[in-house]
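Text of the file data.cif, holding mmCIF, C-alpha atoms and all ligand atoms:
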```
data_upload
#
loop_
_atom_site.label_atom_id
_atom_site.label_comp_id
_atom_site.auth_asym_id
_atom_site.auth_seq_id
_atom_site.Cartn_x
_atom_site.Cartn_y
_atom_site.Cartn_z
CA MET D 24 25.48 -8.64 10.93
CA ALA D 25 26.47 -5.13 9.94
CA LEU D 26 25.51 -5.87 6.35
CA ALA D 27 22.00 -6.94 7.28
CA VAL D 28 21.47 -3.94 9.54
CA ARG D 29 22.68 -1.57 6.83
CA MET D 30 20.28 -3.07 4.31
CA ARG D 31 17.18 -2.89 6.47
CA VAL D 32 17.18 0.87 6.87
CA PRO D 33 16.76 1.88 3.24
CA CYS D 34 14.27 -0.92 2.67
CA ARG D 35 12.00 0.23 5.49
CA ALA D 36 12.22 3.79 4.27
CA LEU D 37 11.22 2.72 0.78
CA LEU D 38 8.47 0.44 1.98
CA CYS D 39 6.90 2.96 4.33
CA ALA D 40 6.76 5.57 1.61
CA GLY D 41 5.72 3.05 -1.01
CA ALA D 42 3.08 1.31 1.06
CA GLN D 43 1.46 4.58 2.10
CA LEU D 44 1.34 5.82 -1.45
CA ARG D 45 0.18 2.64 -3.04
CA GLY D 46 -2.09 1.53 -0.18
CA ALA D 47 -4.00 4.74 -0.73
CA ALA D 48 -3.94 4.24 -4.48
CA LEU D 49 -5.32 0.71 -4.23
CA GLY D 50 -8.11 1.81 -1.92
CA ARG D 51 -8.41 -1.56 -0.17
CA PRO D 52 -6.50 -3.63 2.37
CA GLU D 53 -3.26 -4.94 0.89
CA TRP D 54 -2.90 -7.93 3.16
CA ALA D 55 -5.13 -10.83 3.92
CA ALA D 56 -4.34 -13.73 6.20
CA GLY D 57 -5.71 -16.93 4.74
CA GLY D 58 -6.67 -20.45 5.73
CA GLY D 59 -6.10 -22.21 9.04
CA ASP D 60 -2.46 -21.20 9.26
CA GLY D 61 -3.24 -17.54 8.76
CA ALA D 62 -0.12 -16.35 10.55
CA ARG D 63 2.03 -18.12 8.00
CA ARG D 64 0.01 -17.72 4.81
CA PHE D 65 -0.40 -14.22 3.53
CA ALA D 66 -1.19 -12.58 0.28
CA SER D 67 -1.06 -9.19 -1.31
CA LEU D 68 -2.75 -8.39 -4.57
CA ARG D 69 0.27 -9.41 -6.60
CA VAL D 70 2.31 -11.79 -4.44
CA LEU D 71 1.00 -14.98 -2.88
CA VAL D 72 3.03 -16.51 -0.05
CA GLU D 73 2.37 -20.09 1.01
CA PRO D 74 4.17 -22.20 3.59
CA GLY D 75 5.97 -25.16 2.05
CA ALA D 76 7.73 -28.23 3.40
CA GLU D 77 7.74 -28.52 7.20
CA GLY D 78 7.05 -24.81 7.57
CA ARG D 79 10.72 -23.93 7.01
CA VAL D 80 10.21 -23.04 3.38
CA ALA D 81 7.84 -20.49 1.86
CA VAL D 82 6.70 -20.42 -1.74
CA MET D 83 6.31 -16.93 -3.19
CA LYS D 84 4.10 -16.90 -6.27
CA LEU D 85 4.29 -13.88 -8.52
CA LYS D 86 0.80 -13.03 -9.69
CA ASN D 87 0.80 -9.81 -11.64
CA PRO D 88 -1.01 -10.95 -14.79
CA PRO D 89 -0.76 -11.17 -17.67
CA VAL D 90 3.07 -11.37 -17.64
CA ASN D 91 4.31 -10.57 -14.11
CA SER D 92 5.90 -7.32 -15.23
CA LEU D 93 7.77 -5.71 -12.35
CA SER D 94 5.58 -2.64 -11.86
CA LEU D 95 6.15 -0.27 -8.96
CA ASP D 96 3.12 -1.67 -7.15
CA PHE D 97 4.38 -5.19 -7.68
CA LEU D 98 7.88 -4.33 -6.42
CA THR D 99 6.46 -2.69 -3.30
CA GLU D 100 4.31 -5.70 -2.48
CA PHE D 101 7.09 -8.16 -3.22
CA LEU D 102 9.54 -6.32 -0.96
CA ILE D 103 7.03 -6.22 1.89
CA SER D 104 6.41 -9.98 1.54
CA LEU D 105 10.11 -10.70 1.46
CA GLU D 106 10.76 -8.60 4.53
CA LYS D 107 8.01 -10.46 6.41
CA LEU D 108 9.69 -13.75 5.55
CA GLU D 109 13.15 -12.46 6.47
CA ASN D 110 11.82 -11.34 9.85
CA ASP D 111 10.09 -14.66 10.59
CA LYS D 112 12.84 -16.83 12.01
CA ALA D 113 10.81 -19.98 11.23
CA PHE D 114 11.57 -19.58 7.54
CA ARG D 115 14.97 -20.57 6.19
CA GLY D 116 14.25 -20.78 2.48
CA VAL D 117 12.01 -19.34 -0.21
CA VAL D 118 11.01 -20.76 -3.57
CA ILE D 119 10.14 -17.99 -6.02
CA THR D 120 7.85 -18.99 -8.85
CA SER D 121 5.12 -17.64 -11.11
CA ASP D 122 1.36 -17.90 -10.88
CA CYS D 123 1.03 -16.77 -14.53
CA PRO D 124 1.04 -19.50 -17.17
CA ASN D 125 4.14 -19.67 -19.37
CA VAL D 126 5.77 -16.53 -17.97
CA PHE D 127 8.03 -16.29 -14.93
CA SER D 128 8.35 -12.52 -15.35
CA ALA D 129 8.46 -10.23 -18.41
CA GLY D 130 10.98 -8.08 -16.52
CA LEU D 131 10.75 -4.41 -15.69
CA ASP D 132 7.41 -2.87 -16.50
CA LEU D 133 7.93 -0.91 -19.69
CA ARG D 134 5.02 1.35 -18.79
CA GLU D 135 6.98 2.56 -15.75
CA MET D 136 9.84 3.62 -18.02
CA TYR D 137 7.93 5.15 -20.92
CA GLY D 138 6.16 8.50 -21.07
CA ARG D 139 6.56 9.32 -17.36
CA ASN D 140 8.37 12.15 -15.59
CA PRO D 141 11.89 12.14 -14.08
CA GLY D 142 10.53 11.93 -10.52
CA HIS D 143 8.65 8.76 -11.43
CA TYR D 144 11.70 7.22 -13.13
CA ALA D 145 13.77 7.93 -10.01
CA GLU D 146 11.20 6.37 -7.69
CA TYR D 147 10.88 3.34 -9.94
CA TRP D 148 14.61 2.81 -10.26
CA LYS D 149 15.10 3.04 -6.51
CA ALA D 150 12.57 0.24 -6.10
CA VAL D 151 14.35 -1.87 -8.74
CA GLN D 152 17.66 -1.35 -6.93
CA GLU D 153 16.01 -2.31 -3.65
CA LEU D 154 14.61 -5.51 -5.14
CA TRP D 155 18.05 -6.53 -6.34
CA LEU D 156 19.85 -5.64 -3.10
CA ARG D 157 17.30 -7.37 -0.88
CA LEU D 158 17.29 -10.54 -2.95
CA TYR D 159 21.00 -10.64 -3.70
CA LEU D 160 21.94 -10.23 -0.02
CA SER D 161 19.11 -12.29 1.42
CA ASN D 162 20.03 -14.57 4.31
CA LEU D 163 17.39 -17.01 3.15
CA VAL D 164 18.11 -19.80 0.68
CA LEU D 165 16.44 -18.60 -2.52
CA VAL D 166 15.47 -21.06 -5.23
CA ALA D 167 13.99 -19.73 -8.48
CA ALA D 168 11.48 -22.16 -9.96
CA ILE D 169 11.33 -20.62 -13.42
CA ASN D 170 8.17 -21.93 -15.01
CA GLY D 171 8.14 -19.80 -18.15
CA SER D 172 9.68 -16.93 -20.05
CA CYS D 173 12.28 -15.02 -18.06
CA PRO D 174 13.72 -12.00 -19.93
CA ALA D 175 15.63 -8.96 -18.65
CA GLY D 176 14.48 -7.90 -15.15
CA GLY D 177 12.90 -11.35 -14.73
CA CYS D 178 16.28 -12.89 -15.41
CA LEU D 179 17.93 -10.46 -12.99
CA MET D 180 15.52 -11.57 -10.30
CA ALA D 181 16.27 -15.23 -11.01
CA LEU D 182 20.01 -14.53 -10.98
CA THR D 183 19.82 -13.31 -7.38
CA SER D 184 18.69 -16.79 -6.29
CA ASP D 185 21.08 -19.43 -5.00
CA VAL D 186 19.72 -22.00 -7.45
CA ARG D 187 17.75 -21.73 -10.69
CA ILE D 188 15.49 -24.47 -12.07
CA LEU D 189 14.03 -23.92 -15.53
CA SER D 190 11.07 -25.70 -17.10
CA ASP D 191 11.86 -27.55 -20.30
CA SER D 192 9.49 -25.70 -22.59
CA PRO D 193 9.94 -23.67 -25.79
CA LYS D 194 8.46 -20.64 -23.96
CA SER D 195 11.05 -20.85 -21.18
CA VAL D 196 13.77 -18.58 -22.52
CA ILE D 197 16.01 -16.67 -20.16
CA GLY D 198 18.54 -13.87 -20.52
CA LEU D 199 19.32 -10.18 -20.30
CA ASN D 200 17.88 -9.01 -23.63
CA GLU D 201 18.05 -5.25 -22.94
CA THR D 202 19.97 -4.42 -26.13
CA LEU D 203 17.07 -5.78 -28.20
CA LEU D 204 14.98 -2.96 -26.74
CA GLY D 205 17.69 -0.41 -27.52
CA ILE D 206 18.53 -0.03 -23.83
CA VAL D 207 21.58 -0.99 -21.78
CA ALA D 208 21.71 -3.28 -18.76
CA PRO D 209 23.27 -1.31 -15.88
CA PHE D 210 26.57 -2.39 -14.34
CA TRP D 211 24.95 -4.32 -11.50
CA PHE D 212 22.82 -6.39 -13.90
CA LYS D 213 26.07 -7.09 -15.78
CA ASP D 214 27.99 -7.93 -12.57
CA THR D 215 25.29 -10.39 -11.50
CA LEU D 216 25.48 -12.13 -14.87
CA VAL D 217 29.29 -12.20 -14.90
CA ASN D 218 29.26 -13.72 -11.39
CA THR D 219 27.03 -16.48 -12.74
CA ILE D 220 28.32 -17.36 -16.22
CA GLY D 221 31.71 -15.65 -16.47
CA HIS D 222 33.04 -12.68 -18.42
CA ARG D 223 33.24 -13.92 -22.01
CA ALA D 224 29.83 -15.61 -22.01
CA SER D 225 28.33 -12.47 -20.44
CA GLU D 226 29.94 -10.17 -22.98
CA ARG D 227 28.41 -12.15 -25.82
CA ALA D 228 25.04 -12.62 -24.12
CA LEU D 229 24.70 -8.94 -23.17
CA GLN D 230 25.77 -7.46 -26.50
CA LEU D 231 23.53 -9.78 -28.49
CA GLY D 232 20.66 -9.60 -25.97
CA LEU D 233 20.52 -13.39 -25.99
CA LEU D 234 17.48 -15.21 -24.68
CA PHE D 235 18.68 -18.76 -24.05
CA PRO D 236 16.41 -21.74 -24.56
CA PRO D 237 16.57 -24.32 -21.74
CA ALA D 238 19.36 -26.59 -23.05
CA GLU D 239 21.62 -23.62 -23.85
CA ALA D 240 20.81 -21.90 -20.56
CA LEU D 241 21.92 -25.05 -18.77
CA GLN D 242 25.06 -25.37 -20.86
CA VAL D 243 26.18 -21.78 -20.26
CA GLY D 244 25.41 -22.06 -16.51
CA LEU D 245 22.59 -19.56 -16.45
CA VAL D 246 20.40 -22.19 -14.78
CA ASP D 247 21.36 -25.20 -12.66
CA HIS D 248 18.63 -27.66 -13.67
CA VAL D 249 16.22 -28.09 -16.56
CA VAL D 250 13.24 -30.33 -15.81
CA PRO D 251 9.80 -31.03 -17.31
CA GLU D 252 7.32 -28.31 -16.46
CA ASP D 253 5.35 -30.45 -14.00
CA GLN D 254 8.51 -31.22 -12.02
CA VAL D 255 9.81 -27.67 -11.50
CA GLN D 256 8.19 -27.25 -8.10
CA SER D 257 9.18 -30.67 -6.73
CA MET D 258 12.73 -30.21 -7.98
CA ALA D 259 12.86 -26.79 -6.28
CA LEU D 260 11.81 -28.33 -2.97
CA SER D 261 14.26 -31.17 -3.29
CA VAL D 262 17.15 -28.80 -4.07
CA MET D 263 16.01 -26.63 -1.17
CA ALA D 264 16.24 -29.59 1.22
CA HIS D 265 19.85 -30.12 0.13
CA TRP D 266 20.74 -26.47 0.82
CA LEU D 267 18.90 -26.46 4.15
CA ALA D 268 21.07 -29.36 5.32
CA ILE D 269 23.91 -26.83 5.67
CA PRO D 270 24.05 -24.88 8.96
CA ASP D 271 22.57 -21.43 8.33
CA HIS D 272 25.34 -19.34 9.90
CA ALA D 273 28.09 -20.95 7.82
CA ARG D 274 26.11 -20.79 4.59
CA GLN D 275 24.98 -17.20 5.19
CA LEU D 276 28.49 -15.94 5.96
CA THR D 277 29.79 -17.71 2.87
CA LYS D 278 27.05 -16.18 0.71
CA ALA D 279 27.82 -12.71 2.06
CA MET D 280 31.53 -13.27 1.41
CA MET D 281 30.78 -14.18 -2.21
CA ARG D 282 28.30 -11.37 -2.89
CA LYS D 283 29.15 -8.39 -0.68
CA ALA D 284 31.70 -6.76 -3.00
CA THR D 285 29.25 -6.84 -5.91
CA ALA D 286 26.42 -5.39 -3.81
CA ASP D 287 28.71 -2.73 -2.31
CA ARG D 288 29.48 -1.38 -5.77
CA LEU D 289 25.86 -0.35 -6.11
CA ILE D 290 25.37 0.63 -2.46
CA LYS D 291 28.26 3.09 -2.76
CA GLN D 292 26.75 4.83 -5.76
CA ARG D 293 23.01 4.33 -5.54
CA GLU D 294 22.12 7.96 -6.02
CA ALA D 295 24.46 8.37 -9.00
CA ASP D 296 23.02 5.19 -10.50
CA ILE D 297 19.49 6.61 -10.13
CA GLN D 298 20.56 9.85 -11.81
CA ASN D 299 22.21 7.89 -14.64
CA PHE D 300 19.06 5.88 -15.18
CA VAL D 301 16.81 8.94 -15.15
CA SER D 302 18.90 10.83 -17.68
CA PHE D 303 19.32 7.73 -19.88
CA ILE D 304 15.67 6.70 -19.92
CA SER D 305 14.49 10.30 -20.44
CA ARG D 306 16.43 10.67 -23.71
CA ASP D 307 14.20 11.11 -26.73
CA SER D 308 16.01 8.32 -28.60
CA ILE D 309 15.49 5.85 -25.74
CA GLN D 310 11.85 6.81 -25.33
CA LYS D 311 11.44 6.24 -29.07
CA SER D 312 13.04 2.78 -28.82
CA LEU D 313 10.70 1.84 -25.98
CA GLN D 314 7.70 3.11 -27.91
CA ILE D 315 8.65 0.97 -30.91
CA TYR D 316 9.21 -2.08 -28.70
CA LEU D 317 5.83 -1.64 -26.98
CA GLU D 318 4.14 -1.30 -30.37
CA LYS D 319 5.86 -4.48 -31.56
CA LEU D 320 4.53 -6.33 -28.52
CA LYS D 321 1.02 -5.14 -29.31
CA GLN D 322 1.32 -5.98 -33.04
CA LYS D 323 2.55 -9.49 -32.18
CA LYS D 324 -0.99 -10.24 -31.06
CA GLY D 325 -2.11 -9.45 -34.62
C1 LIG D 401 17.79 -0.16 -18.04
C2 LIG D 401 17.32 -1.56 -17.77
C3 LIG D 401 16.04 -1.79 -18.17
C4 LIG D 401 15.26 -2.81 -18.40
C5 LIG D 401 15.22 -4.16 -18.07
C6 LIG D 401 13.90 -4.78 -18.43
O1 LIG D 401 13.49 -5.66 -17.74
S1 LIG D 401 13.04 -4.19 -19.78
C7 LIG D 401 11.72 -5.35 -20.08
C8 LIG D 401 12.19 -6.37 -21.03
N1 LIG D 401 11.17 -7.35 -21.23
C9 LIG D 401 10.96 -7.93 -22.40
O2 LIG D 401 11.60 -7.69 -23.38
C10 LIG D 401 9.80 -8.90 -22.45
C11 LIG D 401 8.67 -8.35 -23.29
N2 LIG D 401 7.56 -9.25 -23.28
C12 LIG D 401 7.52 -10.38 -24.02
O3 LIG D 401 8.43 -10.74 -24.72
C13 LIG D 401 6.25 -11.17 -23.94
O4 LIG D 401 5.24 -10.36 -23.39
C14 LIG D 401 6.38 -12.46 -23.08
C15 LIG D 401 6.95 -12.17 -21.70
C16 LIG D 401 7.27 -13.47 -23.82
C17 LIG D 401 4.97 -13.07 -22.91
O5 LIG D 401 4.39 -13.27 -24.16
P1 LIG D 401 2.81 -13.47 -24.28
O6 LIG D 401 2.53 -13.75 -25.70
O7 LIG D 401 2.35 -14.43 -23.26
O8 LIG D 401 2.17 -12.08 -23.82
P2 LIG D 401 2.08 -10.73 -24.69
O9 LIG D 401 3.36 -10.45 -25.36
O10 LIG D 401 0.86 -10.77 -25.53
O11 LIG D 401 1.92 -9.63 -23.53
C18 LIG D 401 0.70 -9.48 -22.83
C19 LIG D 401 0.58 -8.03 -22.44
O12 LIG D 401 1.65 -7.69 -21.55
C20 LIG D 401 2.35 -6.56 -22.07
N3 LIG D 401 3.76 -6.68 -21.68
C21 LIG D 401 4.62 -7.63 -22.01
N4 LIG D 401 5.82 -7.43 -21.45
C22 LIG D 401 5.71 -6.27 -20.75
C23 LIG D 401 6.62 -5.53 -19.95
N5 LIG D 401 7.88 -5.91 -19.75
N6 LIG D 401 6.17 -4.41 -19.40
C24 LIG D 401 4.91 -4.00 -19.57
N7 LIG D 401 3.99 -4.66 -20.33
C25 LIG D 401 4.40 -5.79 -20.91
C26 LIG D 401 2.15 -6.64 -23.57
O13 LIG D 401 2.38 -5.40 -24.17
C27 LIG D 401 0.70 -7.07 -23.64
O14 LIG D 401 -0.08 -5.92 -23.34
P3 LIG D 401 -1.51 -5.70 -24.03
O15 LIG D 401 -1.98 -4.39 -23.50
O16 LIG D 401 -2.35 -6.86 -23.59
O17 LIG D 401 -1.28 -5.67 -25.52
#
```
Render the structure in this file as structure tokens.
Amino acid sequence: MALAVRMRVPCRALLCAGAQLRGAALGRPEWAAGGGDGARRFASLRVLVEPGAEGRVAVMKLKNPPVNSLSLDFLTEFLISLEKLENDKAFRGVVITSDCPNVFSAGLDLREMYGRNPGHYAEYWKAVQELWLRLYLSNLVLVAAINGSCPAGGCLMALTSDVRILSDSPKSVIGLNETLLGIVAPFWFKDTLVNTIGHRASERALQLGLLFPPAEALQVGLVDHVVPEDQVQSMALSVMAHWLAIPDHARQLTKAMMRKATADRLIKQREADIQNFVSFISRDSIQKSLQIYLEKLKQKKG
């Protein structure tokens, strides 16, 4: 489809540049085939991909310890893994989950947004945009198996999925908490939330930077299921089977119909959005807020 073709070009461009840069930086092979089914099981340093039920479903495990922050290296590796899965016609669905205990993802990596230069902020933001676009417009069925804390960029990632399953644990809070850091969720974070829980609930959640505990997340519609921690994975696979019972072409066209207008808003102004982010995040007042927040995180450890 035209949409899919349009999306692949910028992704490849980003990945080529990103992989070259970061491959060199890592100084070792990024990919390793594993086990007997090496063609289907692959891993990077920060993303583990395993074949799931009947080979039609892959499980992507985020493993960027300690908290799966979405660093530039992580984003690059994740996008490469996702593209591999998109290009392998055997796969129809992906379960996204965390390999780190108690944390799905701590969101955007604060160290990528603090104390760096404008060129770095621009590169980072482009990768964040790419993550959102690729996930939001994915032809695959995406199920987020959220087995831990899921703030900000972690929540954005989960919101791009077709279904969200949250573990019933006090640590498993989810929401766009940007205002608590003194920063503002961009319009496409906001649009994704509004598309999920509606305008009024989003207005309240975004202004207050709410992190919803499981029961409230379910009630507001931020997640579709809350289950005991040890059932998150099995629930994800069972929900996946339900979605895979629908013919792909009909489901994919319907998904595109529901999401294209939202994605197009960013696609039409990607460069302006990058410039906005760079000038916003470079402000002294915003850098100060991030510094204070990072210090608070450190102090929390005592
Ligand atoms: C314009 C739009 C911009 C932004 C959108 C975003 O996504 S901003 C990021 C928002 N994220 C958060 O507010 C989450 C912050 N983190 C936490 O609340 C906790 O870390 C969490 C996820 C609940 C896990 O708690 P836990 O007690 O398990 O870990 P701890 O807090 O001790 O953290 C361990 C180390 O990780 C560092 N860290 C945490 N979050 C981030 C992050 N987002 N980016 C970078 N680094 C992060 C934390 O500072 C600790 O570092 P250390 O050097 O070990 O002290």
One decimal, in Å: what's the spacing between atom CA of D:Ile304 and atom C3 of ligand LIG 401 (chain D)?
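These two atoms are separated by 8.7 Å.
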Step by step, measure atom-to-atom distances between ligand LIG 401 (chain D) and each residue using only C-alpha atoms and all ligand atoms, keep those at most 7 Å, then write them as a ChimeraX atom specification.
/D:89-90,92,125-126,128-134,172,174-177,200-201,204,206-209,300,317,320-321,323-324
Would you mind reading off the distance between atom CA of D:Leu245 and atom CA of D:Thr219, one decimal, in Å?
6.6 Å
Identify the residues within 12 Å of coordinate (26.4, -0.9, -4.2) (same frame as the file), considering all atoms listed in the file, and give the answer as an mmCIF file with C-alpha atoms, in the frame of the given file.
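Final file, point12.cif:
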```cif
data_model
loop_
_atom_site.group_PDB
_atom_site.id
_atom_site.type_symbol
_atom_site.label_atom_id
_atom_site.label_comp_id
_atom_site.auth_asym_id
_atom_site.auth_seq_id
_atom_site.Cartn_x
_atom_site.Cartn_y
_atom_site.Cartn_z
ATOM 1 C CA LEU D 26 25.510 -5.870 6.350
ATOM 2 C CA ARG D 29 22.680 -1.570 6.830
ATOM 3 C CA MET D 30 20.280 -3.070 4.310
ATOM 4 C CA GLN D 152 17.660 -1.350 -6.930
ATOM 5 C CA GLU D 153 16.010 -2.310 -3.650
ATOM 6 C CA TRP D 155 18.050 -6.530 -6.340
ATOM 7 C CA LEU D 156 19.850 -5.640 -3.100
ATOM 8 C CA ARG D 157 17.300 -7.370 -0.880
ATOM 9 C CA TYR D 159 21.000 -10.640 -3.700
ATOM 10 C CA LEU D 160 21.940 -10.230 -0.020
ATOM 11 C CA PHE D 210 26.570 -2.390 -14.340
ATOM 12 C CA TRP D 211 24.950 -4.320 -11.500
ATOM 13 C CA PHE D 212 22.820 -6.390 -13.900
ATOM 14 C CA ASP D 214 27.990 -7.930 -12.570
ATOM 15 C CA ARG D 282 28.300 -11.370 -2.890
ATOM 16 C CA LYS D 283 29.150 -8.390 -0.680
ATOM 17 C CA ALA D 284 31.700 -6.760 -3.000
ATOM 18 C CA THR D 285 29.250 -6.840 -5.910
ATOM 19 C CA ALA D 286 26.420 -5.390 -3.810
ATOM 20 C CA ASP D 287 28.710 -2.730 -2.310
ATOM 21 C CA ARG D 288 29.480 -1.380 -5.770
ATOM 22 C CA LEU D 289 25.860 -0.350 -6.110
ATOM 23 C CA ILE D 290 25.370 0.630 -2.460
ATOM 24 C CA LYS D 291 28.260 3.090 -2.760
ATOM 25 C CA GLN D 292 26.750 4.830 -5.760
ATOM 26 C CA ARG D 293 23.010 4.330 -5.540
ATOM 27 C CA GLU D 294 22.120 7.960 -6.020
ATOM 28 C CA ALA D 295 24.460 8.370 -9.000
ATOM 29 C CA ASP D 296 23.020 5.190 -10.500
ATOM 30 C CA ILE D 297 19.490 6.610 -10.130
#
```
With distances taken over only C-alpha atoms, which of D:Met136, D:Ala66, D:Asp271, D:Pro236 is nearest to D:Leu95?
D:Met136
Kindly list the centre and edge lengths in Å, rounded to one decimal, for the axis-aligned box that covers all listed atoms of stretch 193-198 of chain D plus 6 Å on each of its six sides, as AutoDock Vina command-line options.
```
--center_x 13.5 --center_y -18.8 --center_z -23.0 --size_x 22.1 --size_y 21.8 --size_z 17.6
```
Let me make sure I understand: among D:Arg79, D:Arg69, D:Lys194, D:His222, which one has the smallest atom-to-atom distance to D:Glu109 if we use all atoms listed in the file?
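The answer is D:Arg79, which sits nearest to D:Glu109.
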Atom-to-atom span, atom CA of D:Asn218 and atom CA of D:Gly244, Å:
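Computing the Euclidean distance for atom CA of D:Asn218 and atom CA of D:Gly244 yields 10.5 Å.
Among the candidates D:Ala268, D:Ala81, D:Ala273, D:Val246, the residue lying nearest to D:Ala113 is D:Ala81 (atoms considered: only C-alpha atoms).
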Neighbours of D:Arg115 within 7 Å (all atoms listed in the file; same-chain residues fewer than 6 positions away dropped), as a PyMOL selection string?
chain D and resi 79-80+163-164
In the coordinates of the file, take the point (16.6, -22.0, -4.1) and a cut-off of 6 Å; then, counting only C-alpha atoms, name each qualifying protein, DNA or RNA residue as an NGL selection string.
:D and (118 or 164-167 or 185-186 or 263)
Minimum-distance residue to D:Asn162, chosen among D:Val70, D:Ala181, D:Val117, D:Leu199 (using all atoms listed in the file):
D:Val117
